>>> print(open('run30.tsv').read())   # TSV, C-alpha atoms
chain	number	residue	atom	x	y	z
A	1	MET	CA	18.72	-199.03	99.73
A	2	SER	CA	18.46	-195.78	97.82
A	3	SER	CA	18.90	-197.68	94.54
A	4	ILE	CA	15.86	-199.87	95.36
A	5	VAL	CA	13.78	-196.78	96.18
A	6	ARG	CA	14.96	-195.15	92.97
A	7	SER	CA	14.00	-198.13	90.82
A	8	PHE	CA	10.56	-198.34	92.49
A	9	VAL	CA	9.96	-194.64	91.75
A	10	ALA	CA	11.06	-195.16	88.15
A	11	VAL	CA	8.67	-198.11	87.70
A	12	ALA	CA	5.81	-196.13	89.27
A	13	ILE	CA	6.41	-193.13	86.99
A	14	THR	CA	6.58	-195.38	83.91
A	15	ALA	CA	3.36	-197.16	84.92
A	16	ALA	CA	1.60	-193.82	85.41
A	17	ALA	CA	2.83	-192.55	82.04
A	18	LEU	CA	1.71	-195.72	80.25
A	19	TYR	CA	-1.68	-195.56	81.97
A	20	GLY	CA	-2.07	-191.96	80.82
A	21	LEU	CA	-1.09	-192.81	77.24
A	22	GLN	CA	-3.44	-195.79	77.17
A	23	HIS	CA	-6.40	-193.71	78.28
A	24	THR	CA	-5.82	-190.67	76.09
A	25	THR	CA	-4.99	-192.39	72.78
A	26	PRO	CA	-7.90	-191.67	70.44
A	27	GLY	CA	-9.67	-194.84	69.28
A	28	TYR	CA	-10.00	-196.02	65.69
A	29	GLY	CA	-13.55	-194.68	65.60
A	30	GLU	CA	-12.38	-191.24	66.65
A	31	ILE	CA	-9.41	-190.92	64.29
A	32	THR	CA	-11.53	-192.00	61.31
A	33	SER	CA	-14.67	-190.04	62.28
A	34	PRO	CA	-16.29	-187.76	59.68
A	35	ILE	CA	-15.00	-184.22	59.20
A	36	ALA	CA	-17.64	-181.82	60.46
A	37	VAL	CA	-18.81	-178.85	58.36
A	38	ALA	CA	-20.89	-176.58	60.59
A	39	GLY	CA	-24.02	-174.84	59.32
A	40	LYS	CA	-27.11	-172.97	60.43
A	41	LEU	CA	-30.81	-173.52	59.91
A	42	GLY	CA	-32.05	-171.44	56.96
A	43	LYS	CA	-28.55	-170.89	55.53
A	44	ARG	CA	-26.82	-172.67	52.68
A	45	VAL	CA	-23.95	-174.86	53.89
A	46	ALA	CA	-21.17	-175.58	51.42
A	47	ALA	CA	-19.08	-178.71	51.87
A	48	ASN	CA	-16.46	-179.70	49.30
A	49	ALA	CA	-18.63	-182.23	47.47
A	50	PHE	CA	-22.12	-180.78	47.95
A	51	THR	CA	-24.12	-177.87	49.30
A	52	ILE	CA	-27.29	-178.21	51.32
A	53	GLY	CA	-29.71	-175.79	52.91
A	54	VAL	CA	-32.53	-176.53	55.32
A	55	ALA	CA	-35.53	-174.24	54.98
A	56	ASN	CA	-38.42	-175.62	57.05
A	57	VAL	CA	-38.95	-178.11	59.84
A	58	HIS	CA	-42.41	-179.55	60.48
A	59	LEU	CA	-43.39	-181.61	63.51
A	60	ALA	CA	-46.41	-183.90	63.55
A	61	ARG	CA	-47.99	-186.81	65.43
A	62	THR	CA	-49.08	-188.60	62.27
A	63	VAL	CA	-48.13	-188.35	58.62
A	64	THR	CA	-50.57	-189.31	55.88
A	65	THR	CA	-49.12	-190.02	52.47
A	66	LYS	CA	-51.32	-189.64	49.41
A	67	ARG	CA	-50.26	-191.47	46.32
A	68	VAL	CA	-52.20	-192.53	43.28
A	69	GLY	CA	-54.90	-194.86	44.57
A	70	ARG	CA	-53.42	-195.26	48.02
A	71	THR	CA	-53.67	-193.22	51.21
A	72	GLN	CA	-51.71	-194.41	54.20
A	73	THR	CA	-51.44	-192.94	57.68
A	74	PHE	CA	-48.23	-193.48	59.61
A	75	THR	CA	-48.47	-193.21	63.37
A	76	SER	CA	-45.49	-193.11	65.71
A	77	SER	CA	-44.76	-193.56	69.40
A	78	GLY	CA	-42.73	-190.35	69.13
A	79	VAL	CA	-42.87	-187.37	66.82
A	80	TRP	CA	-42.50	-187.15	63.06
A	81	VAL	CA	-39.95	-184.54	61.98
A	82	LEU	CA	-40.18	-183.55	58.32
A	83	VAL	CA	-37.29	-181.39	57.12
A	84	GLU	CA	-37.56	-179.53	53.81
A	85	GLY	CA	-34.49	-178.18	52.06
A	86	ALA	CA	-32.50	-178.06	48.87
A	87	ALA	CA	-29.27	-179.77	47.90
A	88	GLU	CA	-26.83	-179.61	45.03
A	89	ALA	CA	-23.69	-181.49	44.03
A	90	ARG	CA	-20.59	-179.38	43.42
A	91	SER	CA	-18.19	-181.21	41.14
A	92	GLU	CA	-19.69	-184.62	40.37
A	93	SER	CA	-23.08	-186.29	40.56
A	94	LEU	CA	-23.79	-187.91	43.90
A	95	THR	CA	-26.50	-189.14	46.22
A	96	LEU	CA	-26.65	-188.23	49.90
A	97	MET	CA	-27.47	-191.55	51.48
A	98	SER	CA	-27.28	-190.58	55.13
A	99	ALA	CA	-29.12	-188.06	57.26
A	100	GLN	CA	-29.29	-188.40	61.03
A	101	TRP	CA	-30.96	-186.47	63.81
A	102	LEU	CA	-28.50	-186.19	66.68
A	103	GLY	CA	-30.54	-185.72	69.83
A	104	PRO	CA	-29.40	-183.61	72.79
A	105	ASN	CA	-28.51	-186.82	74.67
A	106	GLY	CA	-26.12	-187.96	71.92
A	107	VAL	CA	-28.39	-190.61	70.40
A	108	ARG	CA	-28.54	-190.76	66.59
A	109	TYR	CA	-31.83	-191.27	64.76
A	110	ALA	CA	-31.44	-192.29	61.12
A	111	LEU	CA	-33.95	-191.38	58.40
A	112	SER	CA	-37.19	-193.28	58.87
A	113	GLN	CA	-37.35	-196.10	56.32
A	114	ARG	CA	-41.13	-196.14	56.71
A	115	LEU	CA	-41.37	-193.02	54.55
A	116	SER	CA	-38.59	-194.04	52.15
A	117	SER	CA	-40.81	-194.11	49.06
A	118	VAL	CA	-42.30	-190.60	49.22
A	119	PRO	CA	-41.22	-188.21	46.43
A	120	GLY	CA	-38.15	-186.07	47.05
A	121	ILE	CA	-36.78	-188.06	49.97
A	122	LEU	CA	-33.03	-187.43	50.29
A	123	PRO	CA	-31.49	-190.89	49.55
A	124	SER	CA	-33.61	-191.29	46.42
A	125	GLU	CA	-32.56	-187.98	44.87
A	126	ARG	CA	-29.57	-187.97	42.55
A	127	LEU	CA	-27.88	-184.59	42.82
A	128	GLU	CA	-26.17	-183.02	39.83
A	129	PRO	CA	-23.63	-180.19	39.84
A	130	GLY	CA	-25.25	-176.83	39.25
A	131	LEU	CA	-28.82	-178.13	39.57
A	132	PRO	CA	-30.21	-177.57	43.07
A	133	ARG	CA	-32.98	-179.99	43.93
A	134	PRO	CA	-35.60	-179.80	46.66
A	135	VAL	CA	-35.09	-182.61	49.15
A	136	LEU	CA	-37.18	-183.98	52.00
A	137	MET	CA	-36.00	-185.77	55.15
A	138	ALA	CA	-38.29	-187.68	57.53
A	139	PHE	CA	-37.31	-188.67	61.05
A	140	GLU	CA	-39.11	-190.39	63.88
A	141	ILE	CA	-37.82	-189.28	67.27
A	142	PRO	CA	-39.01	-189.24	70.89
A	143	GLU	CA	-40.54	-185.92	71.95
A	144	GLY	CA	-37.68	-185.21	74.37
A	145	GLN	CA	-35.14	-185.22	71.54
A	146	VAL	CA	-36.83	-182.50	69.48
A	147	SER	CA	-35.31	-179.34	70.94
A	148	GLY	CA	-31.55	-179.09	70.89
A	149	GLY	CA	-31.13	-181.50	67.99
A	150	THR	CA	-28.50	-181.41	65.26
A	151	LEU	CA	-28.99	-182.58	61.68
A	152	LEU	CA	-26.06	-184.62	60.29
A	153	ILE	CA	-25.90	-185.11	56.52
A	154	ALA	CA	-23.24	-187.15	54.74
A	155	ARG	CA	-22.77	-189.22	51.59
A	156	THR	CA	-22.91	-192.47	53.58
A	157	ALA	CA	-23.38	-193.31	57.24
A	158	TRP	CA	-20.25	-195.45	57.57
A	159	SER	CA	-17.65	-193.66	55.49
A	160	SER	CA	-14.56	-192.62	57.40
A	161	LEU	CA	-12.90	-189.23	57.01
A	162	GLU	CA	-15.69	-187.96	54.76
A	163	GLU	CA	-17.35	-184.60	55.25
A	164	GLU	CA	-20.49	-184.40	57.32
A	165	VAL	CA	-22.63	-181.29	57.40
A	166	ARG	CA	-23.87	-180.52	60.91
A	167	ILE	CA	-26.80	-178.13	61.10
A	168	GLU	CA	-27.94	-177.05	64.55
A	169	MET	CA	-31.71	-177.15	64.66
A	170	THR	CA	-32.33	-174.06	66.73
A	171	ASP	CA	-35.90	-172.84	67.27
A	172	VAL	CA	-37.38	-176.31	66.78
A	173	ARG	CA	-39.64	-176.79	69.78
A	174	PRO	CA	-42.04	-179.55	70.77
A	175	ASP	CA	-44.91	-177.06	71.24
A	176	ASP	CA	-45.16	-176.73	67.44
A	177	ILE	CA	-46.27	-180.33	66.99
A	178	LYS	CA	-49.25	-180.55	64.65
A	179	PRO	CA	-51.71	-183.42	65.10
A	180	ALA	CA	-51.53	-184.53	61.48
A	181	LEU	CA	-49.65	-183.67	58.31
A	182	VAL	CA	-50.60	-184.71	54.79
A	183	LEU	CA	-47.79	-185.39	52.36
A	184	ALA	CA	-48.97	-185.51	48.75
A	185	ARG	CA	-47.27	-185.81	45.40
A	186	SER	CA	-47.04	-182.61	43.39
A	187	GLU	CA	-46.31	-181.91	39.74
A	188	GLY	CA	-44.59	-178.58	40.44
A	189	ALA	CA	-40.93	-177.77	40.94
A	190	VAL	CA	-41.12	-179.23	44.42
A	191	PRO	CA	-42.32	-182.84	44.00
A	192	TRP	CA	-44.37	-182.86	47.21
A	193	THR	CA	-46.84	-180.71	49.12
A	194	LEU	CA	-47.20	-180.58	52.86
A	195	ARG	CA	-50.24	-179.32	54.68
A	196	SER	CA	-51.55	-179.76	58.18
A	197	GLU	CA	-54.96	-181.14	58.80
B	1	MET	CA	35.28	-215.81	85.83
B	2	SER	CA	35.41	-213.57	88.88
B	3	ALA	CA	33.16	-214.08	91.91
B	4	GLU	CA	31.22	-210.93	91.13
B	5	GLN	CA	30.47	-212.01	87.55
B	6	ARG	CA	29.27	-215.38	88.81
B	7	LEU	CA	26.89	-213.60	91.26
B	8	THR	CA	25.31	-211.46	88.49
B	9	LEU	CA	24.82	-214.54	86.34
B	10	ARG	CA	23.13	-216.40	89.21
B	11	ARG	CA	20.82	-213.42	89.83
B	12	ARG	CA	19.83	-213.29	86.19
B	13	LEU	CA	19.16	-216.98	86.10
B	14	PHE	CA	16.94	-216.62	89.18
B	15	ALA	CA	14.97	-213.79	87.58
B	16	PHE	CA	14.43	-215.82	84.39
B	17	LEU	CA	13.32	-218.80	86.45
B	18	VAL	CA	10.76	-216.78	88.46
B	19	ALA	CA	9.32	-215.17	85.32
B	20	GLY	CA	9.17	-218.52	83.52
B	21	VAL	CA	7.47	-220.36	86.36
B	22	GLY	CA	4.95	-217.52	86.84
B	23	GLY	CA	4.10	-217.33	83.16
B	24	THR	CA	3.71	-221.08	82.84
B	25	ALA	CA	1.46	-221.18	85.93
B	26	ALA	CA	-0.75	-218.36	84.53
B	27	ALA	CA	-1.10	-220.11	81.15
B	28	ALA	CA	-1.89	-223.44	82.83
B	29	ILE	CA	-4.56	-221.93	85.10
B	30	SER	CA	-6.18	-220.04	82.21
B	31	PHE	CA	-6.21	-223.19	80.04
B	32	ALA	CA	-7.65	-225.30	82.84
B	33	MET	CA	-10.40	-222.72	83.47
B	34	THR	CA	-11.36	-222.67	79.78
B	35	VAL	CA	-11.50	-226.47	79.65
B	36	TYR	CA	-13.57	-226.57	82.87
B	37	GLU	CA	-16.03	-223.96	81.59
B	38	ALA	CA	-16.42	-225.76	78.26
B	39	ALA	CA	-17.05	-229.04	80.09
B	40	ASN	CA	-19.56	-227.50	82.53
B	41	PRO	CA	-21.52	-224.93	80.52
B	42	LYS	CA	-23.70	-222.59	82.53
B	43	ALA	CA	-27.38	-223.40	82.14
B	44	VAL	CA	-29.27	-220.73	80.18
B	45	PRO	CA	-32.15	-219.50	82.39
B	46	LEU	CA	-35.69	-220.23	81.29
B	47	VAL	CA	-37.71	-217.00	81.13
B	48	ALA	CA	-41.50	-216.88	81.02
B	49	ALA	CA	-43.34	-215.22	78.14
B	50	GLY	CA	-44.16	-211.58	78.83
B	51	GLN	CA	-40.98	-210.99	80.85
B	52	PRO	CA	-38.57	-208.40	79.44
B	53	ILE	CA	-35.12	-209.82	78.63
B	54	ASP	CA	-32.08	-207.55	78.57
B	55	THR	CA	-29.77	-208.70	75.77
B	56	GLY	CA	-27.41	-205.74	76.00
B	57	ARG	CA	-28.29	-204.05	72.73
B	58	TRP	CA	-32.02	-204.79	72.90
B	59	ILE	CA	-34.71	-205.40	75.46
B	60	ILE	CA	-37.05	-208.04	74.10
B	61	THR	CA	-40.39	-209.20	75.52
B	62	LEU	CA	-41.82	-212.25	73.80
B	63	HIS	CA	-45.60	-212.60	73.90
B	64	ASP	CA	-47.05	-215.48	71.93
B	65	ALA	CA	-46.64	-217.83	69.01
B	66	ARG	CA	-49.28	-218.93	66.52
B	67	ILE	CA	-49.69	-220.72	63.23
B	68	GLY	CA	-51.39	-218.95	60.39
B	69	SER	CA	-51.69	-218.86	56.64
B	70	THR	CA	-51.90	-215.08	56.21
B	71	PRO	CA	-48.80	-212.95	56.93
B	72	PRO	CA	-49.18	-209.88	59.21
B	73	THR	CA	-49.63	-207.69	56.11
B	74	GLY	CA	-53.10	-209.23	55.69
B	75	ILE	CA	-52.37	-210.00	52.04
B	76	LYS	CA	-53.07	-213.68	51.41
B	77	PRO	CA	-50.20	-215.31	49.50
B	78	SER	CA	-51.08	-216.77	46.08
B	79	ALA	CA	-49.72	-220.19	47.02
B	80	PRO	CA	-50.91	-221.51	50.43
B	81	LYS	CA	-48.20	-221.26	53.09
B	82	LYS	CA	-47.84	-222.33	56.67
B	83	LEU	CA	-46.46	-219.47	58.74
B	84	LEU	CA	-45.22	-219.63	62.30
B	85	MET	CA	-45.56	-216.15	63.80
B	86	VAL	CA	-44.10	-214.88	67.06
B	87	GLU	CA	-45.19	-211.57	68.52
B	88	PHE	CA	-42.78	-209.54	70.64
B	89	ASP	CA	-41.91	-206.06	71.87
B	90	LEU	CA	-38.47	-204.75	70.99
B	91	ASP	CA	-36.63	-201.76	72.44
B	92	ASN	CA	-33.37	-200.52	70.96
B	93	ARG	CA	-30.99	-199.70	73.83
B	94	SER	CA	-28.04	-198.66	71.66
B	95	ALA	CA	-27.19	-195.11	70.61
B	96	SER	CA	-28.29	-195.34	66.98
B	97	THR	CA	-31.01	-196.68	64.71
B	98	SER	CA	-30.46	-200.36	63.95
B	99	ASN	CA	-32.06	-203.18	62.01
B	100	VAL	CA	-29.78	-205.94	63.31
B	101	PHE	CA	-32.47	-208.01	65.00
B	102	LEU	CA	-32.26	-210.90	62.56
B	103	ARG	CA	-30.04	-213.03	64.79
B	104	LEU	CA	-31.56	-211.92	68.08
B	105	PHE	CA	-33.31	-215.25	68.65
B	106	THR	CA	-33.11	-218.70	67.11
B	107	ILE	CA	-35.31	-221.76	67.35
B	108	ASP	CA	-33.83	-224.30	69.77
B	109	PRO	CA	-33.13	-227.03	68.70
B	110	PRO	CA	-32.54	-225.74	65.15
B	111	VAL	CA	-34.86	-226.91	62.39
B	112	ALA	CA	-33.11	-228.10	59.23
B	113	ASN	CA	-33.62	-226.06	56.03
B	114	LEU	CA	-35.70	-223.39	57.77
B	115	PRO	CA	-35.34	-220.04	55.99
B	116	PRO	CA	-34.71	-217.01	58.24
B	117	PRO	CA	-37.87	-215.23	59.46
B	118	THR	CA	-39.31	-212.04	58.04
B	119	PHE	CA	-39.85	-209.26	60.58
B	120	TYR	CA	-42.97	-207.13	60.47
B	121	LEU	CA	-43.81	-203.90	62.26
B	122	ALA	CA	-47.24	-204.33	63.88
B	123	ARG	CA	-47.96	-200.58	63.66
B	124	ASP	CA	-47.69	-200.54	59.86
B	125	LYS	CA	-48.60	-204.18	59.17
B	126	TRP	CA	-45.60	-204.06	56.87
B	127	ILE	CA	-42.00	-205.31	56.74
B	128	ALA	CA	-39.97	-203.71	59.53
B	129	SER	CA	-36.96	-201.53	58.89
B	130	GLY	CA	-34.53	-200.02	61.40
B	131	LEU	CA	-35.73	-199.52	64.96
B	132	HIS	CA	-34.94	-196.19	66.61
B	133	PRO	CA	-33.46	-195.97	70.13
B	134	ASP	CA	-35.87	-195.41	73.04
B	135	MET	CA	-38.88	-196.07	70.81
B	136	PRO	CA	-40.13	-199.60	71.62
B	137	GLU	CA	-42.25	-201.25	68.95
B	138	ARG	CA	-44.47	-204.32	68.68
B	139	MET	CA	-43.01	-206.67	66.07
B	140	ILE	CA	-43.94	-209.99	64.50
B	141	ALA	CA	-41.42	-212.54	63.23
B	142	ALA	CA	-42.81	-214.94	60.65
B	143	TRP	CA	-41.13	-218.17	59.60
B	144	GLU	CA	-42.30	-219.85	56.43
B	145	TRP	CA	-42.55	-223.36	57.81
B	146	PRO	CA	-41.63	-226.23	55.47
B	147	SER	CA	-44.66	-228.43	54.83
B	148	ALA	CA	-42.63	-231.62	55.37
B	149	VAL	CA	-41.82	-230.68	58.98
B	150	SER	CA	-44.46	-230.67	61.70
B	151	VAL	CA	-44.71	-227.54	63.83
B	152	PRO	CA	-43.76	-228.17	67.48
B	153	ARG	CA	-46.52	-227.62	70.05
B	154	GLN	CA	-44.09	-225.72	72.20
B	155	LEU	CA	-41.62	-223.38	70.55
B	156	ARG	CA	-38.31	-222.87	72.34
B	157	LEU	CA	-36.49	-219.69	71.42
B	158	LYS	CA	-32.90	-219.03	72.42
B	159	ILE	CA	-32.17	-215.32	72.94
B	160	THR	CA	-28.59	-214.24	72.23
B	161	SER	CA	-26.85	-211.23	73.72
B	162	GLN	CA	-24.39	-208.61	72.55
B	163	ILE	CA	-21.98	-206.35	74.38
B	164	TYR	CA	-20.61	-202.96	73.41
B	165	LYS	CA	-16.88	-202.48	73.19
B	166	SER	CA	-15.62	-198.93	72.74
B	167	ARG	CA	-12.39	-200.46	71.39
B	168	ASP	CA	-12.41	-203.89	69.80
B	169	ASN	CA	-9.41	-206.22	69.95
B	170	LEU	CA	-8.48	-205.92	66.27
B	171	TYR	CA	-8.76	-202.27	65.19
B	172	GLY	CA	-9.65	-200.55	68.43
B	173	ALA	CA	-12.92	-199.53	66.78
B	174	PRO	CA	-16.23	-199.29	68.66
B	175	GLY	CA	-18.85	-201.95	67.98
B	176	TRP	CA	-21.32	-204.55	69.21
B	177	PHE	CA	-20.07	-208.09	69.69
B	178	ASP	CA	-21.96	-211.36	70.09
B	179	ARG	CA	-22.00	-213.03	73.48
B	180	ASP	CA	-23.55	-216.15	74.97
B	181	PRO	CA	-27.32	-216.74	75.00
B	182	VAL	CA	-29.03	-215.06	77.96
B	183	ALA	CA	-32.42	-216.75	78.03
B	184	ILE	CA	-34.63	-219.47	76.64
B	185	VAL	CA	-38.31	-218.72	76.24
B	186	ALA	CA	-40.83	-221.51	75.70
B	187	LEU	CA	-44.02	-220.41	73.93
B	188	GLU	CA	-47.13	-222.53	73.43
B	189	VAL	CA	-47.95	-222.51	69.72
B	190	ALA	CA	-51.59	-221.64	69.16
B	191	PRO	CA	-53.09	-223.61	66.25
B	192	GLU	CA	-54.59	-221.82	63.33
B	193	ALA	CA	-58.06	-220.57	64.22
B	194	ALA	CA	-60.65	-222.44	62.16
B	195	GLY	CA	-62.38	-220.18	59.67
B	196	ALA	CA	-60.32	-217.18	60.76
B	197	VAL	CA	-61.02	-214.01	58.88
B	198	PRO	CA	-57.75	-212.75	57.38
>>> encode(input="run30.tsv", output="structure tokens")
Amino acid sequence: MSSIVRSFVAVAITAAALYGLQHTTPGYGEITSPIAVAGKLGKRVAANAFTIGVANVHLARTVTTKRVGRTQTFTSSGVWVLVEGAAEARSESLTLMSAQWLGPNGVRYALSQRLSSVPGILPSERLEPGLPRPVLMAFEIPEGQVSGGTLLIARTAWSSLEEEVRIEMTDVRPDDIKPALVLARSEGAVPWTLRSE
Amino acid sequence: MSAEQRLTLRRRLFAFLVAGVGGTAAAAISFAMTVYEAANPKAVPLVAAGQPIDTGRWIITLHDARIGSTPPTGIKPSAPKKLLMVEFDLDNRSASTSNVFLRLFTIDPPVANLPPPTFYLARDKWIASGLHPDMPERMIAAWEWPSAVSVPRQLRLKITSQIYKSRDNLYGAPGWFDRDPVAIVALEVAPEAAGAVP
């Protein structure tokens, strides 16, 4: 009798242990997730392959782009977030293809492809070691995701075990939303100008 | 062979038999269920235009279909083309920006040699790129219809679905996986308006 009880207890303990192992084993996505490099708004963040600093964040309802012979106004059901900064490669030339706005609810908003052809936009800028370049990032996000967001910047969106700079976007509040921003090409050191209208 | 040894052997044999019969029964039931389901496929529900359809990753609301010669960009093509355009609202329900709406719906029954449609964002009147979560947009899909084939008066679209798996069966990686169609929407195709201003 006692041997039957003992074997039942042993089976139960094994089942519980296996259940625990099954539910705590990290998934493939977790064990190959990017390596986070934490940073702050307004400070230079140095990863191994590149450095990036975010200087200004502008919020707007519409963005008007002015190019030679063509003016186009981009509306959105949410808010435009334009992030100005500077980036530099450290040991070899590279392009930062991925920037994402991680909202407070955990949803990721990739760079808006609608503004992918404006000057200075991050994926179109080739970064060289020792030559910091001004870069621009444009996101389209719902108003509720503005405060408490985190900016994620990496070489690609899908690479595993690559570094990813995470900059907490403190002091970005939805009450600073401007009705309209004009983004124009500039011949100066910074290839764009931003002004509110 | 002692009596005790013979008893152990008989017990083992019994255990093997029980496990074997159980396993065989499970395999047979599973196989029979698969065959039955393949022989009696579940009918895909017919959904009216204007009704939102939950496909798992997206919520799609189909509005109308029309024939035209000018794409939604408003730029008239140099060579005349017959375009079949379908207007719909699309809402990304996943946790990241995605542009995987190309296989969201197909024409049922399939039309031979029909190139895949181009998707336009109504807001920009331009080719659509990735759609952000929780930001529904009005979109237009445009098929370049072959001149040899007549356009049906009623367009039947089959809407496919996807499910999210936090661990897939191969790598244990998270991802979206195709599932069975969830709805069929029949849209009346409006003919090209005579003398329409592009």
>>> residues_around(input="run30.tsv", residues="range 137-144 of chain A", least_positions_apart="4", cutoff="6 Å", atoms="all atoms listed in the file", output="JSON, numbers by chain")
{"A": [78, 79, 80, 81, 82, 83, 111, 112, 121, 122]}
>>> interface_residues(input="run30.tsv", of="chain B", to="chain A", cutoff="9 Å", atoms="only C-alpha atoms", output="JSON, numbers by chain")
{"B": [94, 95, 96, 97, 98, 123, 124, 128, 129, 130, 131, 132, 133, 134, 135, 136, 137, 166, 167, 171, 172, 173, 174]}
>>> atom_distance(input="run30.tsv", atom1="CA of Leu13 in chain B", atom2="CA of Ser7 in chain A")
20.1 Å
>>> closest_residue(input="run30.tsv", among="A:Pro134, A:Pro119, A:Gly39, A:Gly148", to="Glu84 in chain A", atoms="all atoms listed in the file")
A:Pro134
>>> closest_residue(input="run30.tsv", among="B:Glu37, B:Thr73, B:Leu90, B:Leu114", to="Gln51 in chain B", atoms="all atoms listed in the file")
B:Leu90
>>> atom_distance(input="run30.tsv", atom1="CA of Asn113 in chain B", atom2="CA of Trp145 in chain B")
9.5 Å
>>> closest_residue(input="run30.tsv", among="A:Gly85, A:Pro191, A:Pro34, A:Gly130", to="Glu164 in chain A", atoms="only C-alpha atoms")
A:Pro34
